[in-house]
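*Asks:* Pasting start_29.cif below, which is mmCIF, C-alpha atoms.
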data_protein
#
loop_
_atom_site.label_atom_id
_atom_site.label_comp_id
_atom_site.auth_asym_id
_atom_site.auth_seq_id
_atom_site.Cartn_x
_atom_site.Cartn_y
_atom_site.Cartn_z
CA MET A 1 0.00 0.00 0.00
CA ILE A 2 1.55 3.29 -1.14
CA ASP A 3 0.30 6.66 0.13
CA SER A 4 3.16 9.03 -0.73
CA ILE A 5 5.06 9.96 -3.85
CA GLU A 6 8.37 9.04 -2.21
CA ALA A 7 7.14 5.51 -1.51
CA LEU A 8 5.83 5.27 -5.07
CA ARG A 9 9.21 6.17 -6.54
CA GLU A 10 11.05 3.77 -4.22
CA HIS A 11 8.65 0.88 -4.84
CA THR A 12 9.93 -1.28 -7.67
CA ALA A 13 7.48 -4.20 -7.58
CA ASP A 14 5.46 -5.03 -10.67
CA ARG A 15 2.12 -4.32 -9.02
CA ARG A 16 1.28 -1.40 -6.79
CA CYS A 17 -1.75 -0.19 -4.84
CA VAL A 18 -1.67 3.59 -4.43
CA LEU A 19 -3.93 5.56 -2.08
CA ALA A 20 -4.33 9.28 -2.85
CA THR A 21 -6.65 12.14 -2.00
CA PRO A 22 -8.08 14.40 -4.75
CA GLU A 23 -5.94 17.25 -3.44
CA ASP A 24 -2.70 15.25 -3.81
CA ARG A 25 -2.31 15.97 -7.53
CA GLU A 26 1.38 15.13 -7.65
CA LEU A 27 0.86 11.62 -6.31
CA THR A 28 -2.21 11.07 -8.51
CA ASP A 29 -0.44 12.19 -11.69
CA GLU A 30 2.69 10.18 -10.92
CA ALA A 31 0.69 7.04 -10.11
CA SER A 32 -1.37 7.34 -13.31
CA LYS A 33 1.83 7.50 -15.36
CA VAL A 34 3.52 4.61 -13.57
CA LEU A 35 0.41 2.41 -13.74
CA ASP A 36 -0.54 3.58 -17.25
CA LEU A 37 -3.99 4.75 -16.17
CA LYS A 38 -6.26 7.19 -17.94
CA LEU A 39 -8.01 9.42 -15.43
CA HIS A 40 -10.77 11.94 -15.92
CA GLY A 41 -11.97 14.43 -13.35
CA THR A 42 -9.78 13.31 -10.47
CA HIS A 43 -9.03 16.84 -9.23
CA HIS A 44 -12.60 17.59 -8.23
CA PRO A 45 -15.14 15.58 -6.20
CA GLY A 46 -16.08 13.57 -9.29
CA PRO A 47 -19.13 11.32 -9.59
CA ARG A 48 -21.22 11.03 -6.45
CA ARG A 49 -23.18 7.99 -7.57
CA PRO A 50 -21.85 4.44 -7.86
CA MET A 51 -20.72 3.68 -11.40
CA ALA A 52 -18.41 1.37 -13.33
CA ALA A 53 -16.65 1.69 -16.67
CA VAL A 54 -14.41 -0.69 -18.59
CA VAL A 55 -12.22 0.81 -21.32
CA ASP A 56 -9.75 -1.50 -23.02
CA ASP A 57 -8.07 -3.31 -20.12
CA GLN A 58 -8.72 -0.57 -17.53
CA ILE A 59 -11.50 -0.81 -14.96
CA SER A 60 -12.74 2.40 -13.34
CA LEU A 61 -15.17 2.13 -10.47
CA VAL A 62 -16.84 4.63 -8.15
CA LEU A 63 -18.22 3.36 -4.84
CA GLN A 64 -19.70 5.03 -1.79
CA VAL A 65 -18.00 4.04 1.47
CA LEU A 66 -19.16 4.88 5.00
CA ASP A 67 -16.76 6.49 7.43
CA GLU A 68 -16.81 6.13 11.22
CA ASP A 69 -19.61 8.74 11.45
CA ARG A 70 -21.69 6.85 8.85
CA ALA A 71 -21.25 9.61 6.28
CA HIS A 72 -20.91 8.62 2.61
CA HIS A 73 -17.70 9.35 0.72
CA ALA A 74 -16.96 8.68 -2.93
CA LEU A 75 -14.13 6.22 -3.58
CA GLN A 76 -12.64 6.05 -7.07
CA LEU A 77 -10.89 2.82 -8.07
CA HIS A 78 -8.80 2.71 -11.25
CA ALA A 79 -7.14 -0.61 -12.05
CA ARG A 80 -4.96 -2.13 -14.70
CA GLU A 81 -2.76 -5.20 -14.67
CA ARG A 82 0.15 -3.10 -13.42
CA GLY A 83 -1.63 -1.85 -10.32
CA LEU A 84 -4.47 -0.03 -8.66
CA LEU A 85 -5.04 3.64 -7.86
CA VAL A 86 -7.57 4.51 -5.16
CA ILE A 87 -8.69 8.14 -4.90
CA GLY A 88 -10.89 9.40 -2.07
CA GLU A 89 -11.17 11.75 0.86
CA LYS A 90 -9.01 10.98 3.88
CA LYS A 91 -11.95 9.57 5.86
CA ALA A 92 -12.79 7.26 2.96
CA LEU A 93 -9.20 6.04 2.69
CA ASP A 94 -9.02 5.53 6.46
CA SER A 95 -12.04 3.23 6.19
CA ILE A 96 -10.18 0.81 3.91
CA ALA A 97 -6.51 1.32 4.77
CA GLY A 98 -4.90 -1.64 6.48
CA LYS A 99 -7.79 -4.02 5.70
CA ILE A 100 -6.45 -5.39 2.41
CA PRO A 101 -4.64 -8.72 2.94
CA ALA A 102 -0.92 -8.54 2.19
CA ASP A 103 -1.15 -11.73 0.13
CA ALA A 104 -4.22 -10.63 -1.86
CA GLY A 105 -2.58 -11.56 -5.15
CA ASP A 106 -2.98 -9.83 -8.49
CA THR A 107 -4.53 -6.43 -9.16
CA TRP A 108 -8.00 -7.78 -9.90
CA THR A 109 -8.10 -9.72 -6.65
CA VAL A 110 -7.12 -6.58 -4.75
CA LEU A 111 -9.86 -4.67 -6.59
CA VAL A 112 -12.54 -7.17 -5.59
CA GLU A 113 -11.19 -7.30 -2.03
CA LEU A 114 -11.61 -3.52 -1.84
CA ILE A 115 -15.20 -3.87 -2.99
CA LEU A 116 -15.77 -6.45 -0.25
CA ILE A 117 -14.22 -4.10 2.31
CA VAL A 118 -16.67 -1.37 1.29
CA ALA A 119 -19.57 -3.81 1.77
CA ARG A 120 -18.27 -4.97 5.16
CA ARG A 121 -17.82 -1.40 6.34
CA CYS A 122 -21.50 -0.81 5.61
CA GLU A 123 -22.35 -4.02 7.46
CA GLU A 124 -20.52 -2.72 10.54
CA ALA A 125 -22.39 0.58 10.34
CA LEU A 126 -25.72 -1.24 10.03
CA ASP A 127 -24.90 -3.33 13.10
CA GLU A 128 -24.45 -0.07 15.02
CA ILE A 129 -27.77 1.24 13.70
CA ASP A 130 -29.45 -2.07 14.58
CA ASP A 131 -28.27 -1.78 18.19
CA ARG A 132 -29.56 1.79 18.32
CA CYS A 133 -32.91 0.73 16.88
CA GLN A 134 -33.25 -1.99 19.52
CA GLU A 135 -32.60 0.60 22.24
CA LEU A 136 -35.17 2.98 20.80
CA GLU A 137 -37.73 0.19 20.53
CA ALA A 138 -37.20 -0.74 24.19
CA GLN A 139 -37.44 2.91 25.27
CA SER A 140 -40.58 3.58 23.22
CA VAL A 141 -42.97 1.35 25.17
CA GLY A 142 -45.96 3.57 25.81
CA TYR A 143 -45.32 7.20 24.91
CA ALA A 144 -41.95 8.32 23.50
CA SER A 145 -40.73 11.88 23.81
CA SER A 146 -40.53 14.19 20.82
CA PRO A 147 -36.69 14.13 20.69
CA ARG A 148 -36.78 10.33 20.61
CA ARG A 149 -39.29 10.35 17.75
CA ARG A 150 -37.13 12.84 15.87
CA THR A 151 -34.14 10.54 16.38
CA MET A 152 -36.10 7.67 14.85
CA GLY A 153 -37.08 9.89 11.92
CA ARG A 154 -33.44 10.81 11.28
CA LEU A 155 -32.40 7.15 11.48
CA ARG A 156 -35.06 6.24 8.92
CA ALA A 157 -33.76 8.90 6.53
CA GLU A 158 -30.21 7.64 7.04
CA LEU A 159 -31.31 4.06 6.39
CA PHE A 160 -33.08 5.10 3.22
CA ARG A 161 -29.91 6.70 1.85
CA ILE A 162 -27.79 3.70 2.80
CA GLY A 163 -30.28 1.26 1.28
CA GLU A 164 -30.42 3.14 -2.02
CA THR A 165 -26.62 3.24 -2.21
CA GLN A 166 -26.24 -0.46 -1.43
CA ALA A 167 -28.82 -1.40 -4.06
CA ALA A 168 -27.02 0.71 -6.68
CA GLN A 169 -23.66 -0.84 -5.84
CA GLN A 170 -25.11 -4.34 -5.98
CA ARG A 171 -26.43 -3.65 -9.49
CA LEU A 172 -22.93 -2.71 -10.63
CA LEU A 173 -21.68 -6.19 -9.70
CA SER A 174 -24.34 -8.13 -11.60
CA ASN A 175 -23.11 -10.88 -13.89
CA GLU A 176 -24.75 -9.09 -16.79
CA GLU A 177 -22.77 -5.89 -16.22
CA GLU A 178 -19.49 -5.20 -17.99
CA LEU A 179 -17.50 -5.19 -14.74
CA ALA A 180 -18.16 -8.89 -14.09
CA GLN A 181 -17.76 -9.84 -17.73
CA SER A 182 -14.32 -8.22 -17.88
CA LEU A 183 -12.97 -10.40 -15.03
CA GLY A 184 -11.99 -14.04 -14.97
CA GLU A 185 -14.06 -16.85 -13.51
CA ASP A 186 -12.22 -16.87 -10.17
CA HIS A 187 -12.66 -13.14 -9.77
CA GLN A 188 -16.30 -13.41 -10.78
CA ARG A 189 -16.90 -15.73 -7.82
CA LEU A 190 -15.35 -13.16 -5.48
CA LEU A 191 -17.42 -10.46 -7.14
CA ALA A 192 -20.55 -12.54 -6.54
CA ARG A 193 -19.68 -12.63 -2.83
CA ALA A 194 -19.39 -8.85 -2.81
CA SER A 195 -22.71 -8.55 -4.63
CA ALA A 196 -24.37 -10.83 -2.05
CA ALA A 197 -22.90 -8.68 0.75
CA PHE A 198 -24.37 -5.51 -0.77
CA GLY A 199 -27.70 -7.31 -1.19
CA ALA A 200 -27.67 -8.40 2.46
CA ASN A 201 -26.95 -4.82 3.51
CA GLN A 202 -29.84 -3.54 1.42
CA SER A 203 -32.17 -6.13 2.96
CA MET A 204 -31.08 -5.14 6.46
CA THR A 205 -31.73 -1.46 5.77
CA THR A 206 -35.22 -2.38 4.54
CA ARG A 207 -35.91 -4.36 7.73
CA LEU A 208 -34.68 -1.61 10.05
CA TYR A 209 -36.52 1.05 8.06
CA ALA A 210 -39.78 -0.91 8.40
CA MET A 211 -39.18 -1.54 12.11
CA LEU A 212 -38.71 2.17 12.85
CA GLY A 213 -41.78 2.93 10.76
CA ASP A 214 -43.84 0.50 12.85
CA ILE A 215 -42.59 2.11 16.06
CA LEU A 216 -43.49 5.59 14.80
CA ASN A 217 -46.94 4.37 13.73
CA GLU A 218 -47.48 2.94 17.21
CA GLN A 219 -46.45 6.26 18.70
CA ASP A 220 -48.97 8.06 16.49
CA SER A 221 -51.65 5.66 17.75
CA VAL A 222 -50.68 6.33 21.37
CA VAL A 223 -50.83 10.10 20.81
CA SER A 224 -54.23 9.80 19.12
CA GLU A 225 -55.59 7.64 21.93
CA ARG A 226 -54.42 10.08 24.59
CA LEU A 227 -55.86 13.06 22.76
CA THR A 228 -59.13 11.18 22.35
CA LEU A 229 -59.16 10.37 26.08
CA VAL A 230 -58.61 14.02 27.02
CA ALA A 231 -61.34 15.14 24.64
CA THR A 232 -63.69 12.49 26.07
CA ILE A 233 -63.05 13.62 29.64
CA PHE A 234 -63.84 17.22 28.81
CA LEU A 235 -66.90 16.42 26.69
CA PRO A 236 -69.40 16.09 29.61
CA LEU A 237 -67.70 18.94 31.44
CA THR A 238 -68.13 21.18 28.42
CA LEU A 239 -71.76 20.09 28.07
CA ALA A 240 -72.52 20.82 31.74
CA THR A 241 -70.71 24.15 31.62
CA GLY A 242 -72.58 25.19 28.52
CA PHE A 243 -75.98 24.16 29.93
CA PHE A 244 -75.64 25.78 33.31
CA GLY A 245 -74.09 28.85 31.80
CA MET A 246 -77.36 29.71 30.06
CA ASN A 247 -79.21 32.66 31.56
CA PHE A 248 -82.61 30.99 32.13
CA GLN A 249 -84.65 32.91 34.67
CA TRP A 250 -85.66 29.67 36.41
CA MET A 251 -82.03 28.79 37.10
CA LEU A 252 -81.18 32.33 38.15
CA ASP A 253 -83.98 32.22 40.75
CA ARG A 254 -83.32 28.71 42.15
CA LEU A 255 -79.61 27.87 41.75
CA GLY A 256 -78.05 30.52 43.90
CA SER A 257 -77.19 28.46 47.00
CA LEU A 258 -73.95 26.65 47.87
CA PRO A 259 -75.54 23.14 47.84
CA ALA A 260 -76.95 23.80 44.38
CA PHE A 261 -73.47 24.89 43.19
CA ILE A 262 -71.89 21.71 44.60
CA VAL A 263 -74.55 19.43 43.13
CA PHE A 264 -74.93 20.98 39.70
CA GLY A 265 -71.45 22.47 39.32
CA LEU A 266 -69.30 19.61 40.66
CA VAL A 267 -71.18 16.39 41.38
CA ILE A 268 -73.24 16.12 38.20
CA PRO A 269 -70.30 16.95 35.80
CA GLY A 270 -68.13 14.46 37.72
CA LEU A 271 -70.74 11.73 37.46
CA LEU A 272 -71.17 12.45 33.75
CA THR A 273 -67.41 12.13 33.23
CA VAL A 274 -67.21 8.83 35.11
CA ALA A 275 -70.22 7.46 33.24
CA THR A 276 -68.65 8.46 29.91
CA LEU A 277 -65.36 6.73 30.74
CA VAL A 278 -67.12 3.55 31.90
CA PHE A 279 -69.20 3.50 28.72
CA ILE A 280 -66.12 3.93 26.52
CA ARG A 281 -64.21 1.19 28.37
CA ARG A 282 -67.08 -1.26 27.98
CA LEU A 283 -67.49 -0.30 24.34
CA THR A 284 -63.77 -0.85 23.74
CA ARG A 285 -63.78 -4.26 25.43
CA SER A 286 -66.82 -5.41 23.51
CA SER A 287 -65.27 -4.42 20.17
#
Represent the structure from my file as structure tokens, please.
*Replies:*
Amino acid sequence: MIDSIEALREHTADRRCVLATPEDRELTDEASKVLDLKLHGTHHPGPRRPMAAVVDDQISLVLQVLDEDRAHHALQLHARERGLLVIGEKKALDSIAGKIPADAGDTWTVLVELILIVARRCEEALDEIDDRCQELEAQSVGYASSPRRRTMGRLRAELFRIGETQAAQQRLLSNEEELAQSLGEDHQRLLARASAAFGANQSMTTRLYAMLGDILNEQDSVVSERLTLVATIFLPLTLATGFFGMNFQWMLDRLGSLPAFIVFGLVIPGLLTVATLVFIRRLTRSS
């Protein structure tokens, strides 16, 4: 693994794997000359979506890798028989550096191993999200606070982005795509493993997305039930207040004593409220 121009110039092996950031133009240009690579648009962020291109005997691939904060970063892979050039932000390179086996073999094996590393990094991130989802589910029994519901909403949005990216990257590795057809049979088997890993990640994002959606739906039901209960409690009180607030002369002449206030202002509304709640509970049990 080479990450500096000095190491590139000192390295005399036939095959090299060079890691460079878009800002390190000197290393990128030198590596492209040594490895006989044709690069386009390497000095700007480049494509943000997963893509693959095969021109002559050069494979160019763009993947999205997750860093430690679960943010997506574009990773450009350019490979020829002589070696591999990996271009990405520092956080993206940190996610893959040191994980490639030293005895990986030829350039194409290293390329597929890098694809597998990207898939496994997503799997690790999804395990973290899964643990967080389990905690939120346990904490959301009954009524969950607004910050907790907002956290679940943000996690769902994050899962949607991850799932879309994993599905797009899996499509790139299909046997019908030019990437798989340009590799040998042994490498195609490794590529199939990477494709299965991306598919498993996409399935896991779908499961977690649905689980959080179910929790949020349950929370909406709890909120609706509580609002309905409050409205039900105040319904007889509102009725009694409205009735006894009318200026009928008969009531003005006869309801001026303290006992009348207690009976008609407190006891009757209370009994109406209790009767309403009992009726609703029986109606709910019967249904």
*Asks:* Quick one: pull the distance between CA of Pro50 in chain A and CA of Arg171 in chain A, Å, one decimal.
*Replies:*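 Computing it gives 9.4 Å between the two atoms.
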*Asks:* Please evaluate the PyMOL selection byres ((chain A and resi 111) around 12) against the structure above and give the resulting residues as a PDB file with C-alpha atoms, keeping the file's coordinate frame.
*Replies:*
ATOM      1  CA  ARG A  16       1.280  -1.400  -6.790  1.00  0.00           C
ATOM      2  CA  CYS A  17      -1.750  -0.190  -4.840  1.00  0.00           C
ATOM      3  CA  VAL A  18      -1.670   3.590  -4.430  1.00  0.00           C
ATOM      4  CA  GLN A  58      -8.720  -0.570 -17.530  1.00  0.00           C
ATOM      5  CA  ILE A  59     -11.500  -0.810 -14.960  1.00  0.00           C
ATOM      6  CA  SER A  60     -12.740   2.400 -13.340  1.00  0.00           C
ATOM      7  CA  LEU A  61     -15.170   2.130 -10.470  1.00  0.00           C
ATOM      8  CA  VAL A  62     -16.840   4.630  -8.150  1.00  0.00           C
ATOM      9  CA  LEU A  63     -18.220   3.360  -4.840  1.00  0.00           C
ATOM     10  CA  GLN A  76     -12.640   6.050  -7.070  1.00  0.00           C
ATOM     11  CA  LEU A  77     -10.890   2.820  -8.070  1.00  0.00           C
ATOM     12  CA  HIS A  78      -8.800   2.710 -11.250  1.00  0.00           C
ATOM     13  CA  ALA A  79      -7.140  -0.610 -12.050  1.00  0.00           C
ATOM     14  CA  ARG A  80      -4.960  -2.130 -14.700  1.00  0.00           C
ATOM     15  CA  GLU A  81      -2.760  -5.200 -14.670  1.00  0.00           C
ATOM     16  CA  GLY A  83      -1.630  -1.850 -10.320  1.00  0.00           C
ATOM     17  CA  LEU A  84      -4.470  -0.030  -8.660  1.00  0.00           C
ATOM     18  CA  LEU A  85      -5.040   3.640  -7.860  1.00  0.00           C
ATOM     19  CA  VAL A  86      -7.570   4.510  -5.160  1.00  0.00           C
ATOM     20  CA  ILE A  96     -10.180   0.810   3.910  1.00  0.00           C
ATOM     21  CA  ILE A 100      -6.450  -5.390   2.410  1.00  0.00           C
ATOM     22  CA  PRO A 101      -4.640  -8.720   2.940  1.00  0.00           C
ATOM     23  CA  ALA A 104      -4.220 -10.630  -1.860  1.00  0.00           C
ATOM     24  CA  GLY A 105      -2.580 -11.560  -5.150  1.00  0.00           C
ATOM     25  CA  ASP A 106      -2.980  -9.830  -8.490  1.00  0.00           C
ATOM     26  CA  THR A 107      -4.530  -6.430  -9.160  1.00  0.00           C
ATOM     27  CA  TRP A 108      -8.000  -7.780  -9.900  1.00  0.00           C
ATOM     28  CA  THR A 109      -8.100  -9.720  -6.650  1.00  0.00           C
ATOM     29  CA  VAL A 110      -7.120  -6.580  -4.750  1.00  0.00           C
ATOM     30  CA  VAL A 112     -12.540  -7.170  -5.590  1.00  0.00           C
ATOM     31  CA  GLU A 113     -11.190  -7.300  -2.030  1.00  0.00           C
ATOM     32  CA  LEU A 114     -11.610  -3.520  -1.840  1.00  0.00           C
ATOM     33  CA  ILE A 115     -15.200  -3.870  -2.990  1.00  0.00           C
ATOM     34  CA  LEU A 116     -15.770  -6.450  -0.250  1.00  0.00           C
ATOM     35  CA  ILE A 117     -14.220  -4.100   2.310  1.00  0.00           C
ATOM     36  CA  VAL A 118     -16.670  -1.370   1.290  1.00  0.00           C
ATOM     37  CA  LEU A 179     -17.500  -5.190 -14.740  1.00  0.00           C
ATOM     38  CA  ALA A 180     -18.160  -8.890 -14.090  1.00  0.00           C
ATOM     39  CA  LEU A 183     -12.970 -10.400 -15.030  1.00  0.00           C
ATOM     40  CA  HIS A 187     -12.660 -13.140  -9.770  1.00  0.00           C
ATOM     41  CA  GLN A 188     -16.300 -13.410 -10.780  1.00  0.00           C
ATOM     42  CA  LEU A 190     -15.350 -13.160  -5.480  1.00  0.00           C
ATOM     43  CA  LEU A 191     -17.420 -10.460  -7.140  1.00  0.00           C
ATOM     44  CA  ALA A 194     -19.390  -8.850  -2.810  1.00  0.00           C
TER      45      ALA A 194
END
*Asks:* Can you list, as number ranges by chain, the residues that the PyMOL selection byres ((chain A and resi 155) around 12) selects here?
*Replies:* A: 70, 126, 128-133, 136, 148-154, 156-163, 205, 208-213, 216
*Asks:* Which of these, A:Gln64, A:Gln134, A:Ser140, A:Thr232, has the shortest distance to Ala167 in chain A once you count all atoms listed in the file?
*Replies:*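 So, comparing all the options, the nearest one is A:Gln64.
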*Asks:* Quick one: pull the distance between CA of Glu123 in chain A and CA of Val65 in chain A, Å, one decimal.
*Replies:*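 The value is 10.9 Å.
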*Asks:* Env of range 88-92 of chain A: 9 Å cut, atoms = all atoms listed in the file, seq-sep filter 2 positions within chain, self excluded. Answer as an MDAnalysis selection string.
*Replies:* chainID A and resid 19:23 45 64:68 72:77 86 94:97
*Asks:* List the residues selected by the PyMOL selection byres ((chain A and resi 235) around 12) in the file shown, writing them as a list in words.
*Replies:*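 So the PyMOL selection byres ((chain A and resi 235) around 12), applied here, picks out Thr228, Leu229, Val230, Ala231, Thr232, Ile233, Phe234, Pro236, Leu237, Thr238, Leu239, Ala240, Thr241, Gly242, Pro269, Gly270, Leu272, Thr273, Val274, Ala275, Thr276 and Leu277 of chain A.
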*Asks:* Just to confirm, what's the straight-line distance from CA of Leu173 in chain A to CA of Ala192 in chain A in Å (one decimal)?
*Replies:* 7.2 Å
*Asks:* Emit as lines of an AutoDock Vina configuration file the padded axis-aligned box for all listed atoms of range 19-25 of chain A, 5 Å per side, with centre and edge lengths in Å to one decimal.
*Replies:*
center_x = -5.2
center_y = 11.4
center_z = -4.8
size_x = 15.8
size_y = 21.7
size_z = 15.5
*Asks:* For Ala53 in chain A, which residue out of A:Gly184, A:Ala200, A:Lys38, A:Arg193 is the nearest one, using all atoms listed in the file?
*Replies:*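 Ranked by minimum distance to Ala53 in chain A, first place goes to A:Lys38.
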